[in-house]
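Worksheet: one structure, shown below.
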Amino acid sequence: MIKRYVATAGILIALVLAGLPAMAATVCVCPAGDDQAAGTSQAPWKTIQRGVKALSAGDTLVVMSGEYNETVNISELRGTEEKPVTISGEPGALLVTAGRDGVMIYKSAWIVVEGLEITGANGKAGLRIADSNHVTVSSCNFSENKPWCIKTGLSDYVTVENCRMDGTGGAICIYFSTTDHPVLSGCELYGAQMGLHVNGDLGEGGDGMISYARFVGNTIHDITKTCINLDGAEHALVANNLLYNNTGKGIASFKGNGRETGGFNVFANNTVYFRKGQGRYAFKVIGGGHDDTLVNNIFINSSGQEAALAMEADSLKGFACNNNILFGRAGKGVVGIGDGFITLADWRARGFDADSIEAGPADIFVDAEGGDFHLAAGSAAIDAGVGVGAVTSDIDGNKRPAGAGFDIGCYEYGK
Ligand SMILES: [Ca+2]
Ligand SMILES: [Ca+2]
């Protein structure tokens with residue numbers, strides 16, 4: 001009788017276990033830990049790599065505060081949409097890597113990396129994502145990674161949000177190569193030659209185009225070449241970005257290594273400010289761009305070198321451009337076409353910017369020289385824009401529209 005009871009219970013337990021998903025595990029690493037330990041919060045492993053080795057779908061690796069000197073390889077690790085694999089740094093979790101990629105994510109899916117500080121990837125990337133999909137990088141800080149803070153390749157659906165990328169001394173803060181559906185939002189990029197570089201890189205595999213990018217609410221400053229560089233981008237949304245104190249160019253769409261200059265890109269509510277003596281054009285499309293929309297942007301160029309917009313005649317097919325604030329060097333015109341400069345009136349005669357405004361920084365911002373690009377009371381940008389379906393809030397997260405209508409630039413005035 002007892003024997004039969006035990007057997008029945010055993011079958012019941014087996015049935016119950018078979019019906020349950022495997023328990024998601026949480027494991028821990030700490031610089032003072034031991035890779036022979038249990039990997040718990042009380043007995044953590046020592047290296048991030050040891051923690052990664054233990055992970056499968058739904059698991060979380062907690063990277064406890066402290067300095068880790070290693071290179072982390074995440075290879076063929078696949079979570080799912082419901083059960084991603086998460087690597088989560090506690091405040092003060094610092095990965096120092098010397099001469100190699102800091103974190104390499106390869107042939108993996110549904111991975112989240114959050115809360116890490118990554119530094120010292122000399123000659124490589126702080127974080128590299130290759131042949132992977134659905135990778136999210138959230139609230140990470142990067143510094144002293146050359147040439148890139150983050151580099152992707154053949155990896156669709158990469159989302160980078162709320163990260164700080166100090167690219168000082170490096171080439172590019174973030175380089176999306178051969179990656180469709182990339183997202184960059186709420187990030188601060190600064191110090192490198194380029195802020196955000198998007199490249200279809202036809203020779204690297206894929207179709208040579210970056211499709212359906214979403215670059216929203218980023219702050220880009222102290223960049224020496226180009227802030228947002230789109231080489232073969234189509235169907236992108238570039239909105240609510242603030243670009244200031246840069247010495248090169250603002251936003252450019254063109255064909256270099258990509259298959260072609262893309263089309264159907266929407267540039268809305270960006271604020272690009274070059275003070276006198278700094279920088280070149282705020283926005284440029286060359287080499288056959290088409291069907292782009294440019295609306296609600298503030299493009300201030302007081303450099304004296306080029307106009308606010310620099311367009312080529314071959315890139316005006318389907319170009320919709322209105323409700324912007326444009327400012328170029330007095331007497332030089334606000335729009336450059338090829339090698340020439342034309343006035344806003346002449347530009348309007350070509351069918352563009354009918355409702356746009358020519359106004360300088362003193363008529364728009366709280367304190368441009370002091371770095372405050374919020375709209376001043378009575379600003380020419382207030383309620384002078386139009387609704388853009390995909391842009392429902394401003395760079396601060398405040399709802400659009402506020403007041404009587406949509407504002408121009410990355411900030412909405414009032415609440
Ligand atoms: Ca593509
Ligand atoms: Ca408004």
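Here, A, B, ... name the chains of the structure tokens in the order displayed, residue numbers run from 1 inside each chain, and ligands are numbered from 1 in the same displayed order.
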
Can you tell me which residues come within 12 Å of ligand 1 when counting only C-alpha atoms and all ligand atoms, ideally as an MDAnalysis selection string?
chainID A and resid 153:157 176:182 198:202 204:213 231:236 258:260 262

Write out the residues from the selection above, keeping C-alpha atoms, as a JSON list (two decimals), in the first residue's frame.
```json
[["chain", "number", "residue", "atom", "x", "y", "z"],
["A", 153, "GLY", "CA", 26.81, 44.08, -37.98],
["A", 154, "LEU", "CA", 24.13, 41.90, -39.58],
["A", 155, "SER", "CA", 22.01, 42.27, -36.47],
["A", 156, "ASP", "CA", 18.38, 43.37, -36.81],
["A", 157, "TYR", "CA", 16.31, 44.86, -34.04],
["A", 176, "PHE", "CA", 24.96, 50.60, -36.99],
["A", 177, "SER", "CA", 26.21, 48.53, -39.93],
["A", 178, "THR", "CA", 23.96, 46.21, -41.99],
["A", 179, "THR", "CA", 21.31, 46.38, -39.28],
["A", 180, "ASP", "CA", 17.59, 46.87, -39.95],
["A", 181, "HIS", "CA", 15.18, 48.23, -37.35],
["A", 182, "PRO", "CA", 17.89, 49.84, -35.22],
["A", 198, "VAL", "CA", 24.48, 54.32, -40.10],
["A", 199, "ASN", "CA", 25.90, 52.33, -42.97],
["A", 200, "GLY", "CA", 24.33, 49.83, -45.34],
["A", 201, "ASP", "CA", 27.88, 48.56, -45.98],
["A", 202, "LEU", "CA", 26.94, 46.67, -49.13],
["A", 204, "GLU", "CA", 29.56, 43.32, -45.65],
["A", 205, "GLY", "CA", 26.49, 41.24, -46.50],
["A", 206, "GLY", "CA", 22.82, 42.17, -46.43],
["A", 207, "ASP", "CA", 20.99, 44.37, -48.93],
["A", 208, "GLY", "CA", 23.15, 47.45, -48.49],
["A", 209, "MET", "CA", 20.38, 49.47, -46.87],
["A", 210, "ILE", "CA", 19.49, 50.21, -43.26],
["A", 211, "SER", "CA", 15.70, 50.13, -43.08],
["A", 212, "TYR", "CA", 13.24, 51.34, -40.47],
["A", 213, "ALA", "CA", 15.67, 53.02, -38.11],
["A", 231, "ASP", "CA", 24.84, 56.13, -45.59],
["A", 232, "GLY", "CA", 22.09, 54.08, -47.22],
["A", 233, "ALA", "CA", 19.14, 54.63, -44.84],
["A", 234, "GLU", "CA", 15.48, 54.30, -45.83],
["A", 235, "HIS", "CA", 12.22, 54.64, -43.92],
["A", 236, "ALA", "CA", 14.06, 56.11, -40.94],
["A", 258, "GLY", "CA", 25.57, 51.74, -48.77],
["A", 259, "ARG", "CA", 23.68, 50.60, -51.86],
["A", 260, "GLU", "CA", 22.14, 54.02, -52.54],
["A", 262, "GLY", "CA", 17.84, 56.12, -49.19]]
```

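A distance search around ligand 2 (9 Å at most, only C-alpha atoms and all ligand atoms) returns the following protein and nucleic acid residues: Ala381, Ile382, Asp383, Ala384, Gly385, Arg400, Pro401, Ala402, Gly403, Ala404, Gly405, Phe406, Asp407, Ile408, Glu412, Tyr413, Gly414 and Lys415 of chain A.
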
Alpha helix (DSSP H) positions in segment 237-373 of chain A, given as a list in words:
Leu344, Ala345, Asp346, Trp347, Arg348 and Ala349 of chain A

Env of segment 67-71 of chain A: 10 Å cut, atoms = only C-alpha atoms, seq-sep filter 2 positions within chain, self excluded. Answer as a PyMOL selection string.
chain A and resi 29-32+46-49+63-65+73-74+92-104+117-118+120-121+126

With DSSP run on the backbone, what are the strand (DSSP E) residues within segment 129-377 of chain A? I'd like them as an NGL selection string.
:A and (129-130 or 133-138 or 141-143 or 146-153 or 156-161 or 164-166 or 172-177 or 183-185 or 188-190 or 194-199 or 210-211 or 214-216 or 219-221 or 226-231 or 233-234 or 237-239 or 242-244 or 249-254 or 266-268 or 271-274 or 283-285 or 293-295 or 298-301 or 309-311 or 320-322 or 325-327 or 335-337 or 340-342 or 357-358 or 365-367 or 372-375)

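One finds atom CA of Asp222 of chain A at 29.0 Å from atom CA of Thr343 of chain A.
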
Between atom CA of Tyr244 of chain A and atom CA of Phe142 of chain A, distance in Å (one decimal)
20.2 Å

Spatial neighbours of Glu306 of chain A, max dist 12 Å, only C-alpha atoms, sep filter under 2 positions, as an NGL selection string
:A and (248-250 or 274 or 276-284 or 299-304 or 308-311 or 327-342)
